[in-house]
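Asker: If it helps, the file is called data_31.cif and holds mmCIF, C-alpha atoms:
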```cif
data_work
loop_
_atom_site.label_atom_id
_atom_site.label_comp_id
_atom_site.auth_asym_id
_atom_site.auth_seq_id
_atom_site.Cartn_x
_atom_site.Cartn_y
_atom_site.Cartn_z
CA MET O 1 95.70 -96.92 -42.92
CA THR O 2 93.53 -99.98 -42.61
CA HIS O 3 90.22 -100.01 -40.83
CA PRO O 4 91.45 -102.03 -37.82
CA THR O 5 94.29 -99.52 -37.32
CA ILE O 6 91.87 -96.61 -37.38
CA PHE O 7 89.66 -98.43 -34.90
CA ALA O 8 92.61 -99.09 -32.55
CA ALA O 9 93.72 -95.48 -32.78
CA ALA O 10 90.21 -94.29 -32.03
CA LEU O 11 90.08 -96.56 -28.98
CA ALA O 12 93.42 -95.23 -27.75
CA VAL O 13 92.21 -91.63 -28.09
CA LEU O 14 88.98 -92.51 -26.30
CA ALA O 15 90.86 -94.18 -23.45
CA SER O 16 93.33 -91.31 -23.03
CA SER O 17 90.55 -88.73 -23.01
CA GLY O 18 88.69 -90.66 -20.36
CA GLY O 19 85.65 -91.15 -22.53
CA ALA O 20 84.69 -94.57 -21.21
CA PRO O 21 83.79 -94.97 -17.55
CA GLU O 22 86.28 -97.01 -15.51
CA GLU O 23 84.08 -97.87 -12.60
CA THR O 24 85.02 -100.59 -10.19
CA THR O 25 82.46 -102.23 -7.97
CA TYR O 26 83.26 -102.33 -4.26
CA TYR O 27 81.03 -104.49 -2.14
CA VAL O 28 79.87 -103.71 1.37
CA GLY O 29 78.93 -106.34 3.90
CA HIS O 30 81.76 -108.90 3.92
CA HIS O 31 81.85 -108.86 7.70
CA VAL O 32 80.50 -106.76 10.54
CA LYS O 33 84.02 -105.64 11.43
CA PHE O 34 84.26 -103.66 8.18
CA VAL O 35 81.26 -101.48 8.99
CA ASN O 36 81.20 -98.82 11.70
CA ILE O 37 78.16 -96.57 11.68
CA THR O 38 77.14 -94.32 14.54
CA PHE O 39 74.15 -92.07 15.01
CA GLU O 40 73.93 -89.51 17.79
CA SER O 41 71.65 -86.86 19.15
CA GLN O 42 72.16 -84.27 21.83
CA ALA O 43 69.33 -84.85 24.28
CA GLU O 44 68.63 -83.00 27.51
CA ILE O 45 69.40 -86.02 29.63
CA GLU O 46 72.42 -87.34 27.71
CA THR O 47 74.15 -87.58 24.37
CA ILE O 48 72.26 -90.50 22.86
CA VAL O 49 74.57 -92.69 20.86
CA GLY O 50 73.61 -95.63 18.70
CA THR O 51 75.66 -97.87 16.46
CA THR O 52 75.36 -100.59 13.89
CA ASN O 53 77.94 -102.80 12.23
CA LYS O 54 75.62 -104.18 9.61
CA ALA O 55 75.28 -102.79 6.13
CA SER O 56 75.17 -104.23 2.66
CA GLY O 57 75.32 -102.83 -0.80
CA GLU O 58 77.59 -101.72 -3.59
CA ILE O 59 79.69 -98.71 -4.34
CA LYS O 60 80.65 -98.30 -7.98
CA ALA O 61 83.42 -95.79 -8.33
CA ASP O 62 85.79 -94.32 -10.82
CA LEU O 63 88.37 -92.95 -8.40
CA GLU O 64 90.12 -90.81 -11.01
CA LYS O 65 86.96 -88.99 -11.99
CA GLY O 66 85.26 -89.22 -8.63
CA THR O 67 82.14 -90.58 -10.22
CA GLY O 68 80.04 -93.65 -9.60
CA SER O 69 76.99 -94.78 -7.72
CA VAL O 70 76.10 -95.96 -4.24
CA SER O 71 73.42 -98.24 -2.89
CA LEU O 72 73.47 -99.10 0.78
CA SER O 73 71.06 -100.78 3.14
CA VAL O 74 71.14 -100.97 6.94
CA PRO O 75 68.73 -103.18 8.90
CA VAL O 76 66.89 -101.24 11.61
CA ALA O 77 67.02 -104.33 13.84
CA SER O 78 70.82 -104.07 13.96
CA MET O 79 70.80 -100.59 15.51
CA LYS O 80 71.83 -100.59 19.17
CA THR O 81 71.83 -97.78 21.69
CA GLY O 82 73.20 -99.66 24.68
CA ILE O 83 69.83 -99.98 26.42
CA ASP O 84 67.61 -102.88 25.33
CA MET O 85 64.39 -101.11 26.26
CA ARG O 86 65.39 -98.07 24.21
CA ASP O 87 66.29 -100.32 21.25
CA GLU O 88 62.87 -101.94 21.41
CA HIS O 89 61.32 -98.50 21.53
CA LEU O 90 63.38 -97.43 18.51
CA ARG O 91 62.04 -100.37 16.52
CA SER O 92 58.49 -99.86 17.72
CA LYS O 93 55.52 -98.27 15.98
CA ASP O 94 56.24 -94.98 17.77
CA TRP O 95 59.59 -94.60 16.00
CA LEU O 96 61.03 -96.52 13.05
CA GLU O 97 58.43 -99.32 12.76
CA ALA O 98 61.04 -101.97 11.98
CA ALA O 99 58.41 -104.64 11.31
CA LYS O 100 56.94 -102.56 8.50
CA PHE O 101 60.11 -100.81 7.31
CA PRO O 102 62.97 -103.18 8.14
CA ASP O 103 65.75 -101.31 6.30
CA ILE O 104 67.19 -97.85 6.06
CA MET O 105 68.44 -97.28 2.53
CA PHE O 106 70.48 -94.85 0.54
CA ILE O 107 70.49 -94.89 -3.25
CA SER O 108 72.53 -92.31 -5.10
CA LYS O 109 71.18 -90.27 -7.97
CA LYS O 110 74.18 -88.09 -8.75
CA VAL O 111 77.88 -88.23 -7.89
CA GLU O 112 80.12 -85.23 -8.44
CA LYS O 113 83.85 -85.02 -7.89
CA ALA O 114 84.85 -82.80 -4.98
CA GLU O 115 88.25 -81.55 -3.83
CA GLY O 116 90.77 -84.28 -3.03
CA PRO O 117 89.67 -87.89 -2.68
CA ARG O 118 86.09 -86.86 -2.12
CA ALA O 119 82.82 -86.84 -3.97
CA LYS O 120 79.50 -85.18 -3.35
CA VAL O 121 76.91 -87.92 -3.49
CA THR O 122 73.29 -86.87 -3.84
CA GLY O 123 70.62 -89.47 -3.40
CA ASP O 124 67.51 -90.69 -1.67
CA PHE O 125 67.82 -91.53 1.99
CA THR O 126 64.87 -93.71 2.91
CA MET O 127 63.93 -94.30 6.53
CA HIS O 128 60.57 -95.28 7.98
CA GLY O 129 59.37 -95.71 4.40
CA VAL O 130 59.85 -92.04 3.62
CA SER O 131 62.53 -90.87 1.16
CA LYS O 132 64.29 -87.56 1.35
CA GLU O 133 67.02 -86.31 -0.92
CA VAL O 134 70.31 -85.70 0.87
CA ALA O 135 73.75 -84.63 -0.32
CA VAL O 136 76.67 -86.27 1.42
CA VAL O 137 80.38 -85.64 0.99
CA VAL O 138 82.08 -89.04 0.89
CA GLU O 139 85.81 -89.39 1.39
CA TRP O 140 87.71 -92.49 0.33
CA LYS O 141 91.14 -93.93 0.89
CA GLU O 142 92.63 -96.89 -0.88
CA LEU O 143 94.21 -99.47 1.36
CA PRO O 144 97.68 -100.41 0.07
CA ASP O 145 98.06 -104.10 -0.89
CA GLU O 146 100.66 -104.58 1.83
CA ALA O 147 98.23 -103.24 4.44
CA VAL O 148 95.48 -105.54 3.10
CA LYS O 149 97.73 -108.53 3.80
CA ARG O 150 98.99 -107.22 7.13
CA ALA O 151 95.47 -106.55 8.36
CA LYS O 152 94.38 -109.97 7.06
CA PHE O 153 91.59 -108.59 4.89
CA PRO O 154 90.22 -110.86 2.14
CA ASP O 155 92.10 -110.55 -1.17
CA GLY O 156 91.24 -107.76 -3.56
CA LYS O 157 91.26 -103.99 -3.59
CA TRP O 158 89.89 -102.31 -0.48
CA LEU O 159 88.68 -98.78 0.01
CA LYS O 160 87.65 -97.06 3.18
CA PHE O 161 84.68 -94.75 2.66
CA SER O 162 83.88 -92.15 5.31
CA ALA O 163 80.97 -89.76 5.51
CA GLU O 164 79.14 -87.63 8.03
CA PHE O 165 75.72 -86.12 7.56
CA GLU O 166 72.63 -85.00 9.41
CA ILE O 167 69.12 -86.31 9.15
CA LYS O 168 65.90 -85.09 10.70
CA LEU O 169 63.41 -87.59 12.07
CA SER O 170 60.54 -85.32 11.05
CA ASP O 171 61.69 -85.50 7.41
CA HIS O 172 60.95 -89.21 7.52
CA GLY O 173 57.57 -89.13 9.16
CA VAL O 174 58.88 -90.01 12.62
CA LYS O 175 56.96 -88.00 15.15
CA ILE O 176 58.70 -87.76 18.51
CA PRO O 177 56.15 -88.79 21.16
CA GLU O 178 55.06 -85.76 23.18
CA PHE O 179 56.23 -87.13 26.52
CA VAL O 180 59.80 -87.24 25.27
CA VAL O 181 59.81 -83.90 23.41
CA GLY O 182 62.74 -81.87 24.73
CA LYS O 183 64.56 -85.01 25.70
CA VAL O 184 65.17 -86.20 22.16
CA LYS O 185 66.07 -83.84 19.35
CA ASP O 186 64.78 -84.06 15.82
CA ALA O 187 68.26 -83.84 14.26
CA TRP O 188 70.64 -86.80 14.32
CA THR O 189 74.24 -86.92 13.17
CA VAL O 190 75.22 -90.03 11.25
CA LYS O 191 78.86 -91.05 10.84
CA MET O 192 79.90 -93.86 8.56
CA ALA O 193 83.25 -95.59 8.17
CA ILE O 194 82.97 -98.54 5.81
CA PHE O 195 85.58 -100.77 4.24
CA ALA O 196 84.40 -102.05 0.87
CA GLY O 197 86.26 -104.57 -1.24
CA THR O 198 86.23 -105.77 -4.82
CA ALA O 199 85.67 -109.39 -3.82
CA LYS O 200 82.00 -110.30 -3.65
CA PRO O 201 80.91 -111.18 -0.11
CA GLU O 202 80.19 -114.91 0.07
CA THR O 203 77.72 -114.95 2.90
CA GLU O 204 77.11 -112.53 5.65
CA LYS O 205 79.25 -113.38 8.65
CA LYS O 206 78.55 -112.38 12.19
CA MET K 1 45.71 -82.86 62.62
CA SER K 2 47.34 -79.47 62.94
CA ARG K 3 50.27 -81.04 64.80
CA LEU K 4 50.71 -83.57 61.95
CA ARG K 5 50.73 -80.73 59.44
CA ASP K 6 53.36 -78.93 61.49
CA ARG K 7 55.52 -82.03 61.57
CA LEU K 8 55.13 -82.57 57.84
CA ALA K 9 56.04 -78.93 57.23
CA LYS K 10 59.12 -79.32 59.40
CA ALA K 11 60.16 -82.46 57.50
CA ALA K 12 59.52 -80.70 54.17
CA LEU K 13 61.61 -77.73 55.32
CA ILE K 14 64.55 -79.97 56.26
CA LEU K 15 64.28 -82.13 53.11
CA GLY K 16 63.88 -79.04 50.94
CA VAL K 17 66.95 -77.29 52.35
CA VAL K 18 69.07 -80.45 52.31
CA GLY K 19 67.92 -81.44 48.81
CA ALA K 20 68.41 -77.99 47.33
CA LEU K 21 71.86 -77.53 48.84
CA ALA K 22 73.25 -81.03 49.23
CA SER K 23 72.42 -82.54 45.84
CA PRO K 24 74.47 -80.08 43.73
CA VAL K 25 77.35 -80.20 46.23
CA ALA K 26 77.32 -84.02 46.22
CA ALA K 27 77.20 -84.04 42.41
CA ALA K 28 80.13 -81.66 42.16
CA LEU K 29 82.13 -83.82 44.58
CA LEU K 30 81.23 -86.98 42.64
CA SER K 31 82.28 -85.35 39.39
CA ALA K 32 85.63 -84.35 40.88
CA ALA K 33 86.23 -87.79 42.40
CA ALA K 34 84.86 -90.14 39.74
CA GLY K 35 84.56 -88.06 36.57
CA ARG K 36 86.79 -88.22 33.52
CA THR K 37 86.76 -86.25 30.29
CA VAL K 38 86.81 -88.61 27.34
CA ILE K 39 85.91 -88.95 23.69
CA LEU K 40 83.43 -91.78 23.23
CA LEU K 41 84.46 -94.20 20.52
CA ASN K 42 82.67 -96.99 18.71
CA PRO K 43 85.74 -99.23 18.50
CA ASP K 44 87.11 -101.11 15.52
CA PRO K 45 88.61 -104.60 15.94
CA PRO K 46 92.44 -104.86 15.99
CA GLU K 47 92.85 -105.82 12.31
CA VAL K 48 90.73 -102.88 11.22
CA VAL K 49 92.72 -100.58 13.54
CA GLU K 50 95.80 -101.88 11.72
CA ALA K 51 94.23 -100.92 8.38
CA ASN K 52 93.12 -97.53 9.73
CA ARG K 53 96.66 -96.88 10.92
CA ALA K 54 98.01 -97.64 7.45
CA LEU K 55 95.61 -95.07 6.00
CA TRP K 56 96.22 -92.41 8.64
CA SER K 57 98.61 -89.56 8.05
CA SER K 58 99.87 -86.93 10.46
CA GLY K 59 97.44 -84.05 10.97
CA GLU K 60 94.34 -86.19 10.59
CA PRO K 61 92.08 -86.97 13.57
CA VAL K 62 93.82 -89.61 15.66
CA ALA K 63 90.63 -91.06 17.12
CA LYS K 64 89.61 -92.40 13.71
CA ILE K 65 92.48 -94.89 13.84
CA TYR K 66 90.73 -96.68 16.69
CA GLY K 67 87.13 -96.46 15.55
CA THR K 68 84.42 -93.89 15.03
CA PRO K 69 84.50 -91.04 17.57
CA VAL K 70 81.14 -89.82 18.79
CA GLY K 71 80.16 -86.27 19.68
CA GLU K 72 82.30 -83.77 21.54
CA PRO K 73 84.61 -84.67 24.44
CA MET K 74 82.41 -85.28 27.48
CA ARG K 75 82.71 -86.12 31.16
CA ILE K 76 81.61 -89.55 32.23
CA LEU K 77 81.44 -91.06 35.70
CA PHE K 78 82.96 -94.31 36.95
CA ALA K 79 84.97 -94.95 33.78
CA ASP K 80 86.25 -98.50 33.39
CA SER K 81 90.02 -98.16 32.98
CA ALA K 82 90.13 -101.26 30.74
CA ARG K 83 88.13 -99.37 28.13
CA ILE K 84 90.34 -96.30 28.04
CA ILE K 85 92.69 -95.81 25.08
CA VAL K 86 95.40 -93.18 25.23
CA PRO K 87 96.67 -93.14 21.62
CA LYS K 88 100.41 -93.23 21.17
CA GLU K 89 99.92 -90.89 18.19
CA ASP K 90 98.47 -88.24 20.56
CA PRO K 91 98.76 -89.02 24.28
CA SER K 92 96.76 -85.89 25.16
CA LEU K 93 93.60 -87.70 24.01
CA THR K 94 91.55 -90.05 26.15
CA LEU K 95 89.31 -92.32 24.10
CA TYR K 96 86.66 -94.43 25.77
CA THR K 97 85.38 -97.46 23.90
CA VAL K 98 81.64 -98.01 23.98
CA ASP K 99 80.31 -101.18 22.42
CA LYS K 100 76.60 -100.58 22.19
CA ALA K 101 75.97 -104.11 20.96
CA LYS K 102 77.22 -105.31 24.35
CA GLY K 103 74.89 -102.92 26.14
CA GLU K 104 77.59 -100.49 27.17
CA ASN K 105 76.22 -97.09 28.05
CA PRO K 106 78.53 -95.06 30.31
CA LEU K 107 76.98 -92.73 32.85
CA GLN K 108 77.40 -89.23 31.47
CA GLU K 109 77.88 -86.31 33.82
CA ARG K 110 75.07 -84.56 31.96
CA THR K 111 72.69 -87.29 33.14
CA MET K 112 73.76 -86.72 36.73
CA TRP K 113 73.19 -82.96 36.46
CA PHE K 114 69.83 -83.61 34.83
CA THR K 115 68.85 -85.71 37.87
CA VAL K 116 70.25 -83.09 40.24
CA ARG K 117 68.13 -80.46 38.52
CA LEU K 118 65.03 -82.62 39.02
CA ALA K 119 65.98 -83.16 42.67
CA MET K 120 66.40 -79.41 43.10
CA TYR K 121 62.99 -78.72 41.58
CA GLY K 122 61.49 -81.27 43.97
CA SER K 123 63.36 -79.84 46.94
CA GLY K 124 62.35 -76.35 45.93
CA ALA K 125 58.71 -77.41 45.84
CA LEU K 126 59.00 -78.96 49.32
CA LEU K 127 60.73 -75.86 50.63
CA ALA K 128 58.08 -73.59 49.17
CA ALA K 129 55.29 -75.73 50.65
CA ALA K 130 56.96 -75.67 54.08
CA LEU K 131 57.51 -71.91 53.99
CA LEU K 132 53.91 -71.32 52.90
CA HIS K 133 52.71 -73.45 55.81
CA ILE K 134 54.87 -71.54 58.27
CA LEU K 135 53.62 -68.24 56.86
CA TRP K 136 50.03 -69.44 57.03
CA ARG K 137 50.53 -70.49 60.68
CA ARG K 138 51.99 -67.11 61.59
CA LEU K 139 49.17 -65.22 59.93
CA ARG K 140 46.51 -67.49 61.33
CA GLY K 141 48.00 -67.73 64.81
CA PRO K 142 46.97 -64.33 66.26
CA ARG K 143 43.50 -64.59 64.69
CA SER K 144 42.90 -68.01 66.21
CA ALA K 145 44.15 -66.65 69.57
CA VAL K 146 41.60 -63.76 69.39
CA SER K 147 38.77 -66.12 68.54
CA GLU K 148 39.68 -68.25 71.51
#
```
Show me this structure written as C-alpha cells.

Answerer:
Amino acid sequence: MTHPTIFAAALAVLASSGGAPEETTYYVGHHVKFVNITFESQAEIETIVGTTNKASGEIKADLEKGTGSVSLSVPVASMKTGIDMRDEHLRSKDWLEAAKFPDIMFISKKVEKAEGPRAKVTGDFTMHGVSKEVAVVVEWKELPDEAVKRAKFPDGKWLKFSAEFEIKLSDHGVKIPEFVVGKVKDAWTVKMAIFAGTAKPETEKK
Amino acid sequence: MSRLRDRLAKAALILGVVGALASPVAAALLSAAAGRTVILLNPDPPEVVEANRALWSSGEPVAKIYGTPVGEPMRILFADSARIIVPKEDPSLTLYTVDKAKGENPLQERTMWFTVRLAMYGSGALLAAALLHILWRRLRGPRSAVSE
C-alpha cells in the first residue's frame, strides 16, 4: 500500500465516522419578511405584544449532528408594540436605553443535539448591556428546493429556525418604573421564526 | 352650603349606583355584541406563508403556517373582518392578524374589564361618600333640631 492510498483510506474512515465537522453557514437578515419575532407579556390591563422583523447574524449548523453555533442581533429601534408612545418609552432610559445599547444579541456557547430536528443552544443573551446565560431549544426545518422556487426565495438552501423562550427584564438590569408595577410583568415570552439561507445577504432590504 | 352638600350627595348617590351597576352590564352587553375570540397573529407575507405551508405537516399547530401566534386565545372588541383568517387546514380556528409596525393594537376585552373595574372603584367611592353624608345628616339632624 502506498502512502497516498493509506491517506485516502484514512480520510474515508474519518468522513464515515463523522470526525470532521460538516457545518454549513446560514445567514439571517436577507429581508424583513424572513424574520418574525414576537415578545409578549401578560399585563393587568392587556396582553402586551411587540414584534420585530429585523435581525441579522449567522447560524452555523451541522444538521446531522445537531451541532453548530449561533450569533444573532436585533436592533431595539425595530421593536414595535403598536403604540408609538409605548415604543418610545421602551427605547427610553427607563427601559432598554436604545441610544446606549442599540442591539439585543444572542451568542451561543454550546450546542447540543436534542430529540428530532432540534438542538439545545446555550449562550449569552445580552439586552440593555447585561448578559445572561440562557438555554433555548431550537427547532429547524429544511425547505425543499421546489418550495424555495415556488415561494420565490433567493437561491440556495433555506432553513426555518423556530424557538420560544422566556426572559426576565430584571435579569438585564431593567427596573420596571414603580408607577407601572403590576401593569407590566417582569417575565416576557419571546418567539422566533426565522428563515436563514446559505446565500450571503447582499444588503439589508426593507 | 348645606343644601349644596345635599345636592352633591344626591348626585354622588345616583352616579355611584349607576356607575357600579351600569358599567359592568354595559361591558357584558358590548362583549356579547362586539366581542370575538381570536388568536392574535404576527402575520407572514404570502410567499413566506407558502414556504410555511410546505414545511407544515398534519398535527402541527396550524397558526404557524400564517405567522407567529401570540399568547392564548383572547376576546377582542370591534374586530376588523378583513384581518380575520379562518385557516382551511382547521376552520375551527380564528386568527387575527396584528401588524404592530402599522400601529395595529386591537382592543382587548381585558382592557375593557380593567376600565370597568376602575369605574366601579370610582362609583363605589362616590356611593360610599353619599351614604356617609346621608348617615351624617340623619345623626346630626335631631341634635341640630334640639339646639334650635

Asker: Find the residues in chain K near chain O: any atom within 12 Å counts, using all atoms listed in the file. Write them as an MDAnalysis selection string.

Answerer: chainID K and resid 39:57 64:76 98:118

Asker: Pick out the residues sitting within 9 Å of Ser131 (chain O), and hand them over as a count of residues only; count only C-alpha atoms, and ignore anything fewer than 4 positions along from it in its own chain.

Answerer: 8

Asker: In Å to one decimal, how far is CA of His31 (chain O) from CA of Pro75 (chain O)?

Answerer: 14.3 Å

Asker: For a test of reading the model, state the distance in Å between CA of Val18 (chain K) and CA of Phe78 (chain K), rounded to one decimal.

Answerer: 24.9 Å

Asker: Please, what distance in Å, to one decimal, runs between CA of Ala98 (chain O) and CA of Ile176 (chain O)?

Answerer: 15.8 Å

Asker: Measuring between only C-alpha atoms, which one of K:Ala63, K:Leu77, K:Leu127, K:Leu13 shows the shortest distance to Gly35 (chain K)?

Answerer: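 Among K:Ala63, K:Leu77, K:Leu127, K:Leu13, it is K:Leu77 that comes nearest to Gly35 (chain K).
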
Asker: Find the residues near Val76 (chain O): any atom within 10 Å, counting all atoms listed in the file, skip ones fewer than 4 places away on the same chain, and give them as a ChimeraX atom specification.

Answerer: /O:52,54,80,87,90-91,96-99,101-104,127-128

Asker: Next, the residues of the selection above should be written as a short mmCIF file (atom, residue, chain, number, x, y, z; two decimals), in the coordinates of the input with C-alpha atoms.

Answerer:
```cif
data_model
loop_
_atom_site.label_atom_id
_atom_site.label_comp_id
_atom_site.auth_asym_id
_atom_site.auth_seq_id
_atom_site.Cartn_x
_atom_site.Cartn_y
_atom_site.Cartn_z
CA THR O 52 75.36 -100.59 13.89
CA LYS O 54 75.62 -104.18 9.61
CA LYS O 80 71.83 -100.59 19.17
CA ASP O 87 66.29 -100.32 21.25
CA LEU O 90 63.38 -97.43 18.51
CA ARG O 91 62.04 -100.37 16.52
CA LEU O 96 61.03 -96.52 13.05
CA GLU O 97 58.43 -99.32 12.76
CA ALA O 98 61.04 -101.97 11.98
CA ALA O 99 58.41 -104.64 11.31
CA PHE O 101 60.11 -100.81 7.31
CA PRO O 102 62.97 -103.18 8.14
CA ASP O 103 65.75 -101.31 6.30
CA ILE O 104 67.19 -97.85 6.06
CA MET O 127 63.93 -94.30 6.53
CA HIS O 128 60.57 -95.28 7.98
#
```

Asker: Between O:Pro117, O:Gly123, O:Gly173, O:Pro201, which residue has the minimum interatomic distance to Val70 (chain O), considering only C-alpha atoms?

Answerer: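 So, comparing all the options, the nearest one is O:Gly123.
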
Asker: Just so the selection is clear, what residues does the PyMOL selection byres ((chain K and resi 19) around 12) cover here, as a ChimeraX atom specification?

Answerer: /K:11-18,20-27,115-127

Asker: Which of these, K:Leu139, K:Thr97, K:Ala129, K:Ile84, has the shortest distance to Arg5 (chain K) once you count only C-alpha atoms?

Answerer: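 For Arg5 (chain K), the nearest of the candidates is K:Ala129.
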
Asker: Can you list what the PyMOL selection byres ((chain K and resi 93) around 10) grabs from this structure, as a list in words?

Answerer: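 On the file shown, the PyMOL selection byres ((chain K and resi 93) around 10) covers Thr37, Val38, Ile39, Val62, Ala63, Pro73, Ile85, Val86, Pro87, Lys88, Glu89, Asp90, Pro91, Ser92, Thr94, Leu95 and Tyr96 of chain K.
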
Asker: Using the chain letters and numbering of this document, enumerate as an mmCIF file with C-alpha atoms, in the frame of the given file the residues selected by the PyMOL selection byres ((chain O and resi 111) around 9).

Answerer:
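And here is the file that came out, expr24.cif:
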```
data_model
loop_
_atom_site.group_PDB
_atom_site.id
_atom_site.type_symbol
_atom_site.label_atom_id
_atom_site.label_comp_id
_atom_site.auth_asym_id
_atom_site.auth_seq_id
_atom_site.Cartn_x
_atom_site.Cartn_y
_atom_site.Cartn_z
ATOM 1 C CA GLY O 66 85.260 -89.220 -8.630
ATOM 2 C CA THR O 67 82.140 -90.580 -10.220
ATOM 3 C CA GLY O 68 80.040 -93.650 -9.600
ATOM 4 C CA SER O 69 76.990 -94.780 -7.720
ATOM 5 C CA VAL O 70 76.100 -95.960 -4.240
ATOM 6 C CA SER O 108 72.530 -92.310 -5.100
ATOM 7 C CA LYS O 109 71.180 -90.270 -7.970
ATOM 8 C CA LYS O 110 74.180 -88.090 -8.750
ATOM 9 C CA GLU O 112 80.120 -85.230 -8.440
ATOM 10 C CA LYS O 113 83.850 -85.020 -7.890
ATOM 11 C CA ALA O 119 82.820 -86.840 -3.970
ATOM 12 C CA LYS O 120 79.500 -85.180 -3.350
ATOM 13 C CA VAL O 121 76.910 -87.920 -3.490
ATOM 14 C CA THR O 122 73.290 -86.870 -3.840
ATOM 15 C CA GLY O 123 70.620 -89.470 -3.400
#
```

Asker: How would region 166-187 of chain O read, as a PDB file, keeping the file's coordinate frame, once N, CA and C atoms are built in?

Answerer:
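This is the output file selection-v3.pdb:
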```
ATOM      1  N   GLU O 166      73.701 -85.176   8.420  1.00  0.00           N
ATOM      2  CA  GLU O 166      72.630 -85.000   9.410  1.00  0.00           C
ATOM      3  C   GLU O 166      71.294 -85.392   8.797  1.00  0.00           C
ATOM      4  N   ILE O 167      70.484 -86.033   9.609  1.00  0.00           N
ATOM      5  CA  ILE O 167      69.120 -86.310   9.150  1.00  0.00           C
ATOM      6  C   ILE O 167      68.140 -85.791  10.208  1.00  0.00           C
ATOM      7  N   LYS O 168      66.937 -85.526   9.764  1.00  0.00           N
ATOM      8  CA  LYS O 168      65.900 -85.090  10.700  1.00  0.00           C
ATOM      9  C   LYS O 168      64.817 -86.156  10.738  1.00  0.00           C
ATOM     10  N   LEU O 169      64.441 -86.564  11.936  1.00  0.00           N
ATOM     11  CA  LEU O 169      63.410 -87.590  12.070  1.00  0.00           C
ATOM     12  C   LEU O 169      62.104 -87.132  11.415  1.00  0.00           C
ATOM     13  N   SER O 170      61.806 -85.832  11.587  1.00  0.00           N
ATOM     14  CA  SER O 170      60.540 -85.320  11.050  1.00  0.00           C
ATOM     15  C   SER O 170      60.486 -85.396   9.524  1.00  0.00           C
ATOM     16  N   ASP O 171      61.660 -85.374   8.874  1.00  0.00           N
ATOM     17  CA  ASP O 171      61.690 -85.500   7.410  1.00  0.00           C
ATOM     18  C   ASP O 171      61.246 -86.887   6.953  1.00  0.00           C
ATOM     19  N   HIS O 172      61.259 -87.820   7.884  1.00  0.00           N
ATOM     20  CA  HIS O 172      60.950 -89.210   7.520  1.00  0.00           C
ATOM     21  C   HIS O 172      59.686 -89.710   8.228  1.00  0.00           C
ATOM     22  N   GLY O 173      58.864 -88.767   8.591  1.00  0.00           N
ATOM     23  CA  GLY O 173      57.570 -89.130   9.160  1.00  0.00           C
ATOM     24  C   GLY O 173      57.648 -89.736  10.555  1.00  0.00           C
ATOM     25  N   VAL O 174      58.776 -89.508  11.240  1.00  0.00           N
ATOM     26  CA  VAL O 174      58.880 -90.010  12.620  1.00  0.00           C
ATOM     27  C   VAL O 174      58.524 -88.859  13.544  1.00  0.00           C
ATOM     28  N   LYS O 175      57.427 -89.054  14.254  1.00  0.00           N
ATOM     29  CA  LYS O 175      56.960 -88.000  15.150  1.00  0.00           C
ATOM     30  C   LYS O 175      57.439 -88.356  16.557  1.00  0.00           C
ATOM     31  N   ILE O 176      58.213 -87.473  17.157  1.00  0.00           N
ATOM     32  CA  ILE O 176      58.700 -87.760  18.510  1.00  0.00           C
ATOM     33  C   ILE O 176      57.522 -87.702  19.470  1.00  0.00           C
ATOM     34  N   PRO O 177      57.284 -88.796  20.219  1.00  0.00           N
ATOM     35  CA  PRO O 177      56.150 -88.790  21.160  1.00  0.00           C
ATOM     36  C   PRO O 177      56.243 -87.596  22.116  1.00  0.00           C
ATOM     37  N   GLU O 178      55.072 -87.004  22.407  1.00  0.00           N
ATOM     38  CA  GLU O 178      55.060 -85.760  23.180  1.00  0.00           C
ATOM     39  C   GLU O 178      55.755 -85.869  24.527  1.00  0.00           C
ATOM     40  N   PHE O 179      55.644 -87.032  25.174  1.00  0.00           N
ATOM     41  CA  PHE O 179      56.230 -87.130  26.520  1.00  0.00           C
ATOM     42  C   PHE O 179      57.756 -87.154  26.499  1.00  0.00           C
ATOM     43  N   VAL O 180      58.336 -87.315  25.325  1.00  0.00           N
ATOM     44  CA  VAL O 180      59.800 -87.240  25.270  1.00  0.00           C
ATOM     45  C   VAL O 180      60.311 -86.016  24.496  1.00  0.00           C
ATOM     46  N   VAL O 181      59.384 -85.133  24.102  1.00  0.00           N
ATOM     47  CA  VAL O 181      59.810 -83.900  23.410  1.00  0.00           C
ATOM     48  C   VAL O 181      60.719 -83.126  24.377  1.00  0.00           C
ATOM     49  N   GLY O 182      61.790 -82.598  23.867  1.00  0.00           N
ATOM     50  CA  GLY O 182      62.740 -81.870  24.730  1.00  0.00           C
ATOM     51  C   GLY O 182      63.847 -82.779  25.203  1.00  0.00           C
ATOM     52  N   LYS O 183      63.534 -84.067  25.282  1.00  0.00           N
ATOM     53  CA  LYS O 183      64.560 -85.010  25.700  1.00  0.00           C
ATOM     54  C   LYS O 183      65.275 -85.609  24.493  1.00  0.00           C
ATOM     55  N   VAL O 184      64.568 -85.681  23.387  1.00  0.00           N
ATOM     56  CA  VAL O 184      65.170 -86.200  22.160  1.00  0.00           C
ATOM     57  C   VAL O 184      65.026 -85.148  21.073  1.00  0.00           C
ATOM     58  N   LYS O 185      66.125 -84.858  20.396  1.00  0.00           N
ATOM     59  CA  LYS O 185      66.070 -83.840  19.350  1.00  0.00           C
ATOM     60  C   LYS O 185      65.710 -84.464  18.002  1.00  0.00           C
ATOM     61  N   ASP O 186      65.218 -83.618  17.152  1.00  0.00           N
ATOM     62  CA  ASP O 186      64.780 -84.060  15.820  1.00  0.00           C
ATOM     63  C   ASP O 186      65.991 -84.407  14.941  1.00  0.00           C
ATOM     64  N   ALA O 187      67.083 -83.669  15.131  1.00  0.00           N
ATOM     65  CA  ALA O 187      68.260 -83.840  14.260  1.00  0.00           C
ATOM     66  C   ALA O 187      69.225 -84.886  14.817  1.00  0.00           C
TER      67      ALA O 187
END
```
